[in-house]
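Participant: One file: data-v3.cif (mmCIF, C-alpha atoms and all ligand atoms).
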data_model
loop_
_atom_site.label_atom_id
_atom_site.label_comp_id
_atom_site.auth_asym_id
_atom_site.auth_seq_id
_atom_site.Cartn_x
_atom_site.Cartn_y
_atom_site.Cartn_z
CA MET A 42 14.32 18.31 6.97
CA ILE A 43 10.62 19.02 6.45
CA THR A 44 8.36 18.12 9.31
CA THR A 45 4.89 17.56 8.03
CA ALA A 46 2.57 19.20 10.52
CA ASP A 47 -0.20 17.09 11.91
CA THR A 48 -3.19 19.18 11.01
CA THR A 49 -6.24 17.18 12.07
CA THR A 50 -8.63 19.35 14.02
CA ALA A 51 -11.00 17.34 16.27
CA ARG A 52 -9.80 16.92 19.87
CA PRO A 53 -7.34 14.06 19.73
CA LYS A 54 -7.58 11.03 21.97
CA ILE A 55 -3.86 11.23 22.64
CA SER A 56 -1.37 13.84 21.59
CA PHE A 57 2.34 14.40 21.93
CA GLU A 58 3.28 18.06 21.93
CA GLY A 59 6.94 18.77 21.26
CA ILE A 60 8.13 15.71 23.13
CA VAL A 61 11.87 15.46 23.80
CA LYS A 62 13.84 12.72 25.54
CA ASP A 63 17.49 13.34 26.32
CA TYR A 64 19.84 10.71 27.69
CA ARG A 65 23.08 12.30 28.92
CA GLY A 66 23.93 14.38 25.89
CA PHE A 67 22.08 12.10 23.48
CA ARG A 68 18.67 13.10 22.13
CA ALA A 69 16.64 9.91 21.63
CA VAL A 70 13.39 11.74 20.77
CA ASP A 71 13.52 15.22 19.27
CA ARG A 72 10.45 17.49 19.41
CA VAL A 73 7.89 14.96 18.26
CA SER A 74 4.31 16.16 17.87
CA VAL A 75 1.62 13.67 16.91
CA ALA A 76 -2.13 13.73 17.50
CA VAL A 77 -4.10 10.49 17.31
CA GLN A 78 -7.87 10.74 16.83
CA ALA A 79 -10.42 8.56 18.61
CA GLY A 80 -10.69 5.17 16.94
CA GLU A 81 -7.60 5.72 14.88
CA LEU A 82 -4.64 3.35 14.63
CA VAL A 83 -1.36 5.16 14.08
CA ALA A 84 1.81 3.19 13.42
CA LEU A 85 5.14 4.56 14.66
CA LEU A 86 7.55 3.37 12.01
CA GLY A 87 11.29 3.72 11.68
CA PRO A 88 14.60 1.88 11.74
CA SER A 89 16.16 0.43 14.87
CA GLY A 90 17.18 3.07 17.39
CA CYS A 91 15.07 5.91 15.94
CA GLY A 92 13.12 6.38 19.19
CA LYS A 93 9.90 4.40 18.71
CA THR A 94 9.95 2.47 21.99
CA THR A 95 11.04 5.57 23.90
CA THR A 96 8.07 7.50 22.45
CA LEU A 97 5.61 4.72 23.26
CA ARG A 98 6.95 4.33 26.81
CA MET A 99 6.55 8.05 27.35
CA ALA A 100 2.89 7.65 26.35
CA ALA A 101 2.50 4.81 28.86
CA GLY A 102 4.33 6.70 31.60
CA PHE A 103 7.32 4.40 31.99
CA ILE A 104 9.70 7.11 30.77
CA GLU A 105 9.41 10.79 31.67
CA PRO A 106 9.93 13.25 28.81
CA THR A 107 12.68 15.85 29.15
CA GLU A 108 10.45 18.42 27.47
CA GLY A 109 6.96 18.61 26.00
CA LYS A 110 3.49 17.49 26.94
CA ILE A 111 1.37 14.36 26.54
CA MET A 112 -2.41 14.76 26.59
CA ILE A 113 -5.00 11.98 26.81
CA ASP A 114 -8.63 12.98 26.36
CA GLY A 115 -7.68 16.60 26.86
CA ARG A 116 -5.98 15.88 30.19
CA ASP A 117 -2.28 16.57 30.72
CA VAL A 118 -0.82 13.20 31.78
CA THR A 119 2.86 14.09 31.30
CA ARG A 120 3.73 13.65 34.98
CA LEU A 121 1.23 10.92 35.86
CA PRO A 122 2.37 7.38 36.71
CA PRO A 123 1.37 4.59 34.30
CA TYR A 124 -1.57 3.28 36.34
CA LYS A 125 -3.26 6.69 36.35
CA ARG A 126 -3.12 7.14 32.57
CA ASP A 127 -5.80 4.91 31.16
CA THR A 128 -3.46 3.22 28.69
CA GLY A 129 -3.09 -0.49 27.95
CA MET A 130 0.33 -1.67 26.88
CA VAL A 131 1.37 -4.74 24.91
CA PHE A 132 5.09 -5.36 25.28
CA GLN A 133 7.27 -6.91 22.63
CA SER A 134 8.12 -9.76 25.00
CA TYR A 135 4.42 -10.14 26.05
CA ALA A 136 5.51 -9.99 29.74
CA LEU A 137 2.64 -12.24 30.86
CA PHE A 138 2.49 -13.21 34.53
CA PRO A 139 3.93 -16.74 34.35
CA HIS A 140 2.22 -18.03 37.51
CA LEU A 141 -1.24 -16.83 36.45
CA THR A 142 -3.51 -18.62 33.99
CA VAL A 143 -4.76 -16.94 30.83
CA GLY A 144 -7.94 -15.99 32.72
CA GLY A 145 -5.86 -14.76 35.67
CA ASN A 146 -3.69 -12.63 33.41
CA MET A 147 -6.75 -11.05 31.84
CA LEU A 148 -8.50 -10.49 35.18
CA PHE A 149 -5.47 -8.86 36.76
CA GLY A 150 -6.01 -5.27 35.64
CA LEU A 151 -9.73 -5.41 36.41
CA LYS A 152 -9.12 -6.65 39.96
CA ARG A 153 -6.60 -3.91 40.51
CA ARG A 154 -9.15 -1.38 39.38
CA GLY A 155 -11.67 -2.79 41.82
CA VAL A 156 -14.13 -4.08 39.20
CA ALA A 157 -16.64 -6.49 40.83
CA ARG A 158 -15.79 -10.16 40.24
CA GLU A 159 -18.90 -11.05 38.25
CA GLU A 160 -18.54 -8.08 35.93
CA ALA A 161 -14.80 -8.72 35.57
CA GLU A 162 -15.36 -12.36 34.62
CA ARG A 163 -18.02 -11.42 32.13
CA ARG A 164 -15.65 -8.97 30.42
CA VAL A 165 -12.84 -11.51 30.33
CA ARG A 166 -15.14 -14.15 28.81
CA GLU A 167 -16.41 -11.72 26.18
CA LEU A 168 -12.96 -10.59 25.12
CA ALA A 169 -11.53 -14.12 25.29
CA ALA A 170 -14.19 -15.20 22.81
CA MET A 171 -13.26 -12.35 20.49
CA LEU A 172 -9.59 -13.26 20.70
CA LYS A 173 -10.34 -16.99 20.34
CA LEU A 174 -8.89 -17.67 23.77
CA ASP A 175 -12.06 -18.99 25.42
CA HIS A 176 -10.87 -22.60 25.42
CA LEU A 177 -7.51 -21.64 26.92
CA LEU A 178 -8.57 -19.64 29.99
CA ASP A 179 -7.22 -22.22 32.48
CA ARG A 180 -3.82 -22.69 30.87
CA LEU A 181 -0.56 -21.12 32.02
CA PRO A 182 1.45 -18.96 29.59
CA LYS A 183 4.14 -21.65 29.22
CA GLN A 184 1.45 -24.02 27.90
CA LEU A 185 0.64 -21.66 25.02
CA SER A 186 2.12 -21.08 21.57
CA GLY A 187 3.74 -17.73 20.75
CA GLY A 188 0.66 -16.58 18.86
CA GLN A 189 -1.63 -17.52 21.72
CA GLN A 190 0.56 -15.70 24.23
CA GLN A 191 0.50 -12.70 21.98
CA ARG A 192 -3.31 -12.73 21.98
CA VAL A 193 -3.37 -13.00 25.78
CA ALA A 194 -1.10 -9.95 25.99
CA VAL A 195 -3.52 -8.04 23.75
CA GLY A 196 -6.47 -9.31 25.81
CA ARG A 197 -4.86 -8.26 29.07
CA ALA A 198 -4.29 -4.75 27.72
CA LEU A 199 -7.76 -4.45 26.17
CA VAL A 200 -9.86 -5.83 29.01
CA ILE A 201 -9.49 -2.67 31.09
CA ASN A 202 -11.02 -0.79 28.17
CA PRO A 203 -8.15 1.70 27.96
CA ALA A 204 -8.45 5.10 26.32
CA VAL A 205 -5.39 4.23 24.28
CA LEU A 206 -3.87 0.88 23.39
CA LEU A 207 -0.08 0.95 23.04
CA LEU A 208 1.65 -1.88 21.20
CA ASP A 209 5.42 -2.29 20.90
CA GLU A 210 6.36 -4.62 18.02
CA PRO A 211 3.68 -7.03 19.24
CA PHE A 212 4.16 -9.55 16.44
CA SER A 213 7.94 -9.71 16.32
CA ASN A 214 8.10 -13.22 17.79
CA LEU A 215 5.64 -14.70 15.30
CA ASP A 216 6.49 -16.36 12.01
CA ALA A 217 5.58 -14.54 8.81
CA GLN A 218 2.27 -16.29 8.21
CA LEU A 219 1.00 -15.99 11.78
CA ARG A 220 2.15 -12.39 11.81
CA GLU A 221 -0.10 -11.58 8.93
CA SER A 222 -3.21 -13.35 10.22
CA THR A 223 -2.74 -11.89 13.71
CA ARG A 224 -2.34 -8.44 12.22
CA VAL A 225 -5.62 -8.76 10.32
CA GLU A 226 -7.32 -10.02 13.49
CA LEU A 227 -5.98 -7.20 15.66
CA ARG A 228 -7.08 -4.64 13.11
CA ARG A 229 -10.59 -6.16 13.03
CA ILE A 230 -10.93 -6.07 16.82
CA GLN A 231 -9.48 -2.56 17.04
CA GLN A 232 -12.02 -1.31 14.51
CA GLU A 233 -14.91 -3.26 15.98
CA LEU A 234 -14.29 -1.88 19.47
CA GLY A 235 -13.34 1.58 18.19
CA ILE A 236 -10.03 1.45 20.07
CA THR A 237 -7.48 4.21 19.67
CA ALA A 238 -4.08 2.66 19.17
CA LEU A 239 -0.41 3.45 18.73
CA PHE A 240 1.44 0.60 17.10
CA VAL A 241 5.24 0.49 17.00
CA THR A 242 6.96 -1.42 14.22
CA HIS A 243 10.12 -1.24 12.13
CA ASP A 244 8.41 -3.18 9.33
CA GLN A 245 7.07 -0.80 6.70
CA SER A 246 4.72 -3.30 5.09
CA GLU A 247 3.22 -4.14 8.49
CA ALA A 248 2.75 -0.43 9.25
CA MET A 249 1.14 0.25 5.87
CA ALA A 250 -1.16 -2.75 6.15
CA ILE A 251 -2.52 -2.09 9.62
CA ALA A 252 -2.55 1.68 10.14
CA ASP A 253 -4.92 4.51 9.32
CA ARG A 254 -1.87 6.77 9.39
CA VAL A 255 1.82 6.10 9.68
CA ALA A 256 4.24 8.33 11.60
CA VAL A 257 7.71 7.83 10.16
CA MET A 258 10.54 8.53 12.59
CA ASP A 259 14.08 9.30 11.52
CA ALA A 260 16.80 9.62 14.18
CA GLY A 261 14.45 10.80 16.93
CA ARG A 262 12.44 13.13 14.72
CA LEU A 263 9.07 12.84 13.09
CA ALA A 264 9.85 12.83 9.37
CA GLN A 265 6.22 12.61 8.16
CA ILE A 266 2.81 11.50 9.35
CA ASP A 267 0.27 10.59 6.71
CA THR A 268 -1.98 7.87 5.32
CA PRO A 269 -0.08 4.92 3.83
CA GLU A 270 -1.22 5.96 0.34
CA ARG A 271 0.03 9.52 0.68
CA LEU A 272 3.30 8.49 2.28
CA TYR A 273 3.93 6.33 -0.72
CA ALA A 274 2.77 8.80 -3.34
CA ARG A 275 4.05 12.01 -1.72
CA PRO A 276 7.00 11.29 0.57
CA ALA A 277 8.19 14.46 2.33
CA THR A 278 11.84 13.55 2.57
CA ARG A 279 14.46 11.37 0.91
CA PHE A 280 14.48 9.21 4.00
CA VAL A 281 10.73 8.56 3.78
CA ALA A 282 10.90 7.90 0.03
CA ASN A 283 13.56 5.27 0.60
CA PHE A 284 12.06 3.76 3.70
CA ILE A 285 8.55 3.32 2.30
CA GLY A 286 8.70 0.93 -0.61
CA ARG A 287 11.30 1.17 -3.37
CA ALA A 288 12.15 4.48 -4.95
CA ASN A 289 14.37 5.89 -7.66
CA LEU A 290 15.65 9.29 -6.52
CA ILE A 291 16.98 11.43 -9.34
CA ASP A 292 18.59 14.80 -8.63
CA ALA A 293 16.92 17.52 -10.67
CA LYS A 294 16.57 21.30 -11.00
CA ALA A 295 13.48 23.32 -11.91
CA ALA A 296 13.61 24.58 -15.50
CA GLY A 297 10.39 26.53 -16.03
CA ALA A 298 6.89 25.49 -17.02
CA THR A 299 5.83 23.04 -19.70
CA GLY A 300 3.65 25.72 -21.25
CA ARG A 301 0.52 23.63 -20.70
CA ASP A 302 -1.09 21.42 -18.04
CA GLY A 303 0.21 23.69 -15.23
CA LEU A 304 3.17 21.37 -14.80
CA THR A 305 6.72 22.33 -13.91
CA VAL A 306 9.72 20.97 -15.75
CA MET A 307 12.64 19.60 -13.79
CA ARG A 308 15.83 18.67 -15.57
CA GLY A 309 17.73 15.65 -14.40
CA PRO A 310 21.04 14.35 -15.71
CA GLY A 311 21.41 13.60 -19.44
CA GLU A 312 18.15 13.72 -21.34
CA LEU A 313 15.88 13.24 -18.35
CA LYS A 314 13.18 15.89 -18.31
CA PHE A 315 10.41 15.50 -15.78
CA ALA A 316 7.08 17.32 -15.92
CA LEU A 317 5.37 17.25 -12.56
CA ALA A 318 2.93 19.08 -10.29
CA SER A 319 3.92 22.72 -10.07
CA ASP A 320 4.35 22.95 -6.28
CA THR A 321 7.83 21.47 -6.58
CA PRO A 322 11.04 22.97 -5.17
CA ALA A 323 13.67 24.66 -7.31
CA GLU A 324 16.03 21.83 -6.62
CA GLY A 325 15.62 18.36 -5.21
CA ALA A 326 15.29 14.72 -6.03
CA VAL A 327 12.47 13.45 -8.19
CA VAL A 328 10.86 10.32 -6.74
CA LEU A 329 9.97 7.77 -9.39
CA ARG A 330 8.55 4.45 -8.22
CA PRO A 331 9.73 1.40 -10.20
CA GLU A 332 6.19 0.20 -10.99
CA ALA A 333 5.23 3.61 -12.40
CA ILE A 334 7.63 3.10 -15.32
CA ARG A 335 6.35 1.77 -18.65
CA ILE A 336 8.72 0.20 -21.14
CA ASP A 337 8.37 0.33 -24.91
CA ARG A 338 10.53 -0.61 -27.87
CA GLU A 339 9.53 2.58 -29.73
CA PRO A 340 9.81 6.22 -28.64
CA THR A 341 6.54 7.66 -27.34
CA GLY A 342 7.21 11.01 -29.02
CA ALA A 343 6.46 12.96 -25.84
CA GLU A 344 8.74 15.82 -24.78
CA PHE A 345 8.80 15.06 -21.06
CA ASN A 346 8.60 12.06 -18.77
CA THR A 347 10.20 9.72 -21.25
CA ALA A 348 13.74 8.83 -22.25
CA GLU A 349 15.78 6.20 -24.01
CA ALA A 350 17.64 3.63 -21.95
CA THR A 351 19.60 0.42 -22.15
CA VAL A 352 18.63 -2.63 -20.11
CA LYS A 353 21.67 -3.34 -17.94
CA SER A 354 20.27 -6.28 -16.04
CA VAL A 355 17.07 -8.22 -15.51
CA SER A 356 15.95 -9.82 -12.24
CA PHE A 357 13.05 -12.17 -12.74
CA LEU A 358 10.99 -12.47 -9.55
CA GLY A 359 8.00 -14.49 -10.73
CA SER A 360 4.96 -12.23 -10.95
CA ALA A 361 7.24 -9.23 -11.51
CA ALA A 362 10.65 -8.50 -12.96
CA HIS A 363 13.08 -5.68 -12.18
CA LEU A 364 15.01 -4.05 -14.96
CA ALA A 365 18.06 -1.90 -14.27
CA LEU A 366 17.82 0.81 -16.94
CA GLU A 367 20.82 2.94 -17.83
CA PHE A 368 20.10 6.41 -19.20
CA ALA A 369 22.43 8.96 -20.79
CA GLY A 370 24.22 10.94 -18.08
CA ASP A 371 25.17 7.79 -16.20
CA VAL A 372 21.86 7.39 -14.37
CA THR A 373 20.54 3.94 -13.51
CA ILE A 374 16.87 3.56 -12.64
CA THR A 375 15.02 0.44 -11.57
CA ALA A 376 11.79 -0.35 -13.39
CA GLU A 377 9.32 -3.02 -12.36
CA ILE A 378 7.40 -4.79 -15.11
CA ARG A 379 5.25 -7.91 -15.23
CA GLY A 380 7.24 -11.10 -15.00
CA SER A 381 5.59 -12.39 -18.16
CA GLU A 382 7.03 -9.41 -20.08
CA ALA A 383 10.62 -9.86 -18.92
CA ALA A 384 11.58 -11.98 -21.95
CA SER A 385 10.78 -9.04 -24.28
CA TYR A 386 13.49 -6.86 -22.70
CA PRO A 387 16.71 -8.83 -22.39
CA GLN A 388 19.98 -7.42 -21.18
CA GLY A 389 21.42 -4.99 -23.71
CA ALA A 390 18.05 -4.11 -25.26
CA LYS A 391 17.42 -0.46 -26.25
CA VAL A 392 14.11 0.66 -24.80
CA TRP A 393 12.03 3.75 -24.13
CA ALA A 394 10.91 4.36 -20.58
CA SER A 395 7.98 6.62 -19.78
CA TRP A 396 5.81 7.52 -16.82
CA ASP A 397 2.89 9.76 -15.91
CA ALA A 398 3.31 13.17 -14.33
CA SER A 399 0.93 12.12 -11.56
CA ALA A 400 3.31 9.35 -10.51
CA LEU A 401 6.08 11.82 -9.72
CA SER A 402 6.86 13.74 -6.58
CA CYS A 403 9.88 15.69 -5.51
CA VAL A 404 11.76 15.87 -2.22
CA ILE A 405 14.19 18.55 -1.14
CA ASN A 406 17.78 17.38 -0.84
N1 LIG B 501 18.13 4.27 29.05
C1 LIG B 501 18.81 4.71 27.99
N2 LIG B 501 19.97 5.38 28.13
C2 LIG B 501 20.64 5.86 27.06
N3 LIG B 501 20.22 5.72 25.79
C3 LIG B 501 19.06 5.06 25.58
C4 LIG B 501 18.30 4.53 26.66
N4 LIG B 501 17.19 3.93 26.14
C5 LIG B 501 17.29 4.09 24.81
N5 LIG B 501 18.40 4.76 24.47
C6 LIG B 501 18.81 5.14 23.09
O1 LIG B 501 17.79 5.90 22.52
C7 LIG B 501 17.63 5.57 21.14
C8 LIG B 501 16.19 5.18 20.85
O2 LIG B 501 15.92 3.95 21.49
P1 LIG B 501 14.54 3.20 21.27
O3 LIG B 501 14.52 2.01 22.15
O4 LIG B 501 13.43 4.16 21.46
O5 LIG B 501 14.64 2.78 19.74
P2 LIG B 501 13.61 1.97 18.84
O6 LIG B 501 13.22 2.89 17.72
O7 LIG B 501 12.53 1.40 19.67
O8 LIG B 501 14.54 0.84 18.24
P3 LIG B 501 14.25 -0.75 17.98
O9 LIG B 501 13.54 -0.84 16.65
O10 LIG B 501 15.62 -1.31 17.89
O11 LIG B 501 13.45 -1.28 19.12
C9 LIG B 501 18.63 4.47 20.85
O12 LIG B 501 19.76 5.04 20.24
C10 LIG B 501 18.97 3.93 22.21
O13 LIG B 501 20.29 3.43 22.24
MG MG B 502 11.99 -0.58 20.21
#
Can the structure in the file be given as structure tokens, please?
Ligand SMILES: Nc1ncnc2c1ncn2[C@@H]1O[C@H](COP(=O)(O)OP(=O)(O)OP(=O)(O)O)[C@@H](O)[C@H]1O
Ligand SMILES: [Mg+2]

Facilitator:
Amino acid sequence: MITTADTTTARPKISFEGIVKDYRGFRAVDRVSVAVQAGELVALLGPSGCGKTTTLRMAAGFIEPTEGKIMIDGRDVTRLPPYKRDTGMVFQSYALFPHLTVGGNMLFGLKRRGVAREEAERRVRELAAMLKLDHLLDRLPKQLSGGQQQRVAVGRALVINPAVLLLDEPFSNLDAQLRESTRVELRRIQQELGITALFVTHDQSEAMAIADRVAVMDAGRLAQIDTPERLYARPATRFVANFIGRANLIDAKAAGATGRDGLTVMRGPGELKFALASDTPAEGAVVLRPEAIRIDREPTGAEFNTAEATVKSVSFLGSAAHLALEFAGDVTITAEIRGSEAASYPQGAKVWASWDASALSCVIN
């Protein structure tokens, strides 16, 4: 597996350096290195059990790493207890104090840090206004909706002005619509206050929508860390290509240069000949996104990046439609076209599929 090195240079706000967590013969987190810059929001993304919560809890100090180092603001915090770390944590379950009001929950961390009452109350009022909680300060958690409780949990973590905000699936209890509006709101506040944040989620669209960069984890390892756009356009591994959006992965072997454009040819099964950026491996899987495929009734006449296919099935989805295209060599590729064009390509139709070289990338098998 390729591990894409995290190459940003300014001193990070928080960094993990070769972090390992072993549980009795089982490695939950395997040599993860990630550096988060000041003001940046990085999403930790991956399927259930890949080590996201374990990584986040190591940052907060609730779990001690077996190996490796965690730095916050240039200070080694690996062996420090949570309250000495300057992190604010939002738990998946919110974990609000049930006997304290909204105001009491938000004041808690400030009191514990010995902030004077007047100053503490001013900060709570300010943040409560930002989070639209100002009218709810005297309520108890059980008198709040899920979304409101979620905002209190964020407020309680933010009010201490932590160096790093850590969020573990903070929106998982919200319905789809509230999830989206809360996500937009959190992102706005995070940017407005310049907060550095690590955001755990298993939802790739949530990660892509909220984060500056996404760290994709695969079975305890960091598979790739990159901007959402680059993760999508240039996945480093098969796992990332499949996990981020939809992908056709077609096994192919390098077969020389095109003779122009500085592109490399990779031969797939049947008549599939890809021309793509020349820094491709000798052998691997070409990643072709469904929406990058154009469909025509006539051949384009090009030598590469086009082939004849038969429409095996059509799924009409409204604004889009998915065509299952069968190519010579027993390869089936999904293409996404506009829903309004679906009627032109019924099942059984002979078509020509084509795509641009710039839409292709290649991962090693
Ligand atoms: N205390 C523990 N003892 C043994 N194994 C553990 C312990 N805590 C976690 N694990 C294992 O470590 C792995 C990573 O767990 P973790 O909670 O970090 O996953 P996750 O990525 O947060 O998953 P999810 O999306 O389901 O929350 C899992 O296989 C889990 O079973
Ligand atoms: Mg988890």

Participant: Tell me, as a ChimeraX atom specification, which residues lie within 8 Å of range 173-189 of chain A, counting all atoms listed in the file; anything in the same chain fewer than 6 positions away does not count.

Facilitator: /A:137-145,166,214-215,219,223

Participant: For Ala277 in chain A, which of A:Val257, A:Leu239, A:Leu329, A:Ile336 is the closest residue, counting only C-alpha atoms?

Facilitator: A:Val257

Participant: Within 12 Å of Ala217 in chain A, counting all atoms listed in the file, which residues qualify if same-chain residues fewer than 3 places away don't, as a ChimeraX atom specification?

Facilitator: /A:188,212-214,220-224,244,246-247

Participant: Have a look at A:Gly66, A:Gly196, A:Gly380, A:Pro340 and name the one nearest to Leu358 in chain A; count only C-alpha atoms.

Facilitator: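 Closest to Leu358 in chain A, using only C-alpha atoms: A:Gly380.
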
Participant: Hey, which bits of chain A sit within 6 Å of ligand LIG 501 (chain B), and for each residue what's the closest pair of atoms and how far apart in Å (one decimal), counting all atoms listed in the file, rows by chain and increasing number, as a tab-separated table?

Facilitator:
residue	atom	partner	partner_atom	distance
A:Tyr64	CA	B:LIG501	C2	5.0
A:Ala69	CA	B:LIG501	O1	4.3
A:Pro88	CA	B:LIG501	O9	5.7
A:Ser89	CA	B:LIG501	O9	3.4
A:Gly90	CA	B:LIG501	O5	3.5
A:Cys91	CA	B:LIG501	O6	4.0
A:Gly92	CA	B:LIG501	O4	3.2
A:Lys93	CA	B:LIG501	O6	3.8
A:Thr94	CA	B:LIG501	O7	3.6
A:Thr95	CA	B:LIG501	O4	3.7
A:His243	CA	B:LIG501	O9	5.7

Participant: For the interface of range 197-313 of chain A with range 121-130 of chain A (cut-off 9 Å, counting all atoms listed in the file), please tabulate each contacting residue of range 197-313 of chain A alongside its nearest pair of atoms and their separation in Å to one decimal, rows sorted by chain and increasing number, as CSV.

Facilitator:
residue,atom,partner,partner_atom,distance
A:Arg197,CA,A:Gly129,CA,8.0
A:Ala198,CA,A:Gly129,CA,4.4
A:Leu199,CA,A:Gly129,CA,6.4
A:Val200,CA,A:Gly129,CA,8.7
A:Ile201,CA,A:Gly129,CA,7.5
A:Asn202,CA,A:Gly129,CA,7.9
A:Pro203,CA,A:Thr128,CA,5.0
A:Ala204,CA,A:Asp127,CA,5.5
A:Val205,CA,A:Thr128,CA,4.9
A:Leu206,CA,A:Gly129,CA,4.8
A:Leu207,CA,A:Met130,CA,4.7
A:Leu208,CA,A:Met130,CA,5.8
A:Asp209,CA,A:Met130,CA,7.9

Participant: Fewer than 5 positions away in the same chain doesn't count, so skip those; otherwise give me all residues within 6 Å of range 288-302 of chain A, counting only C-alpha atoms, as an MDAnalysis selection string.

Facilitator: chainID A and resid 283 307:309 323:330

Participant: To one decimal in Å, tell me the separation between CA of Ser56 in chain A and CA of Arg116 in chain A.

Facilitator: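 Going from CA of Ser56 in chain A over to CA of Arg116 in chain A, I get 10.0 Å.
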
Participant: Select, from A:Thr237, A:Gln232, A:Thr96, A:Ser319, the residue with the minimum atom-to-atom distance to ligand MG 502 (chain B), counting only C-alpha atoms and all ligand atoms.

Facilitator: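 Ranking A:Thr237, A:Gln232, A:Thr96, A:Ser319 by distance to ligand MG 502 (chain B), first place goes to A:Thr96.
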
Participant: With distances taken over only C-alpha atoms, which residue among A:Ala350, A:Leu148, A:Leu401, A:Ala369 lies nearest Pro310 in chain A?

Facilitator: A:Ala369

Participant: Find the residue from A:Ala161, A:Gln78, A:Phe240, A:Pro53 that sits nearest to ligand MG 502 (chain B); use all atoms listed in the file when measuring.

Facilitator: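 Among A:Ala161, A:Gln78, A:Phe240, A:Pro53, it is A:Phe240 that comes nearest to ligand MG 502 (chain B).
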
Participant: So, with all atoms listed in the file as the atoms that count, which of A:Arg335, A:Arg158, A:Lys391, A:Arg65 lies closest to Glu349 in chain A?

Facilitator: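 Ranked by minimum distance to Glu349 in chain A, first place goes to A:Lys391.
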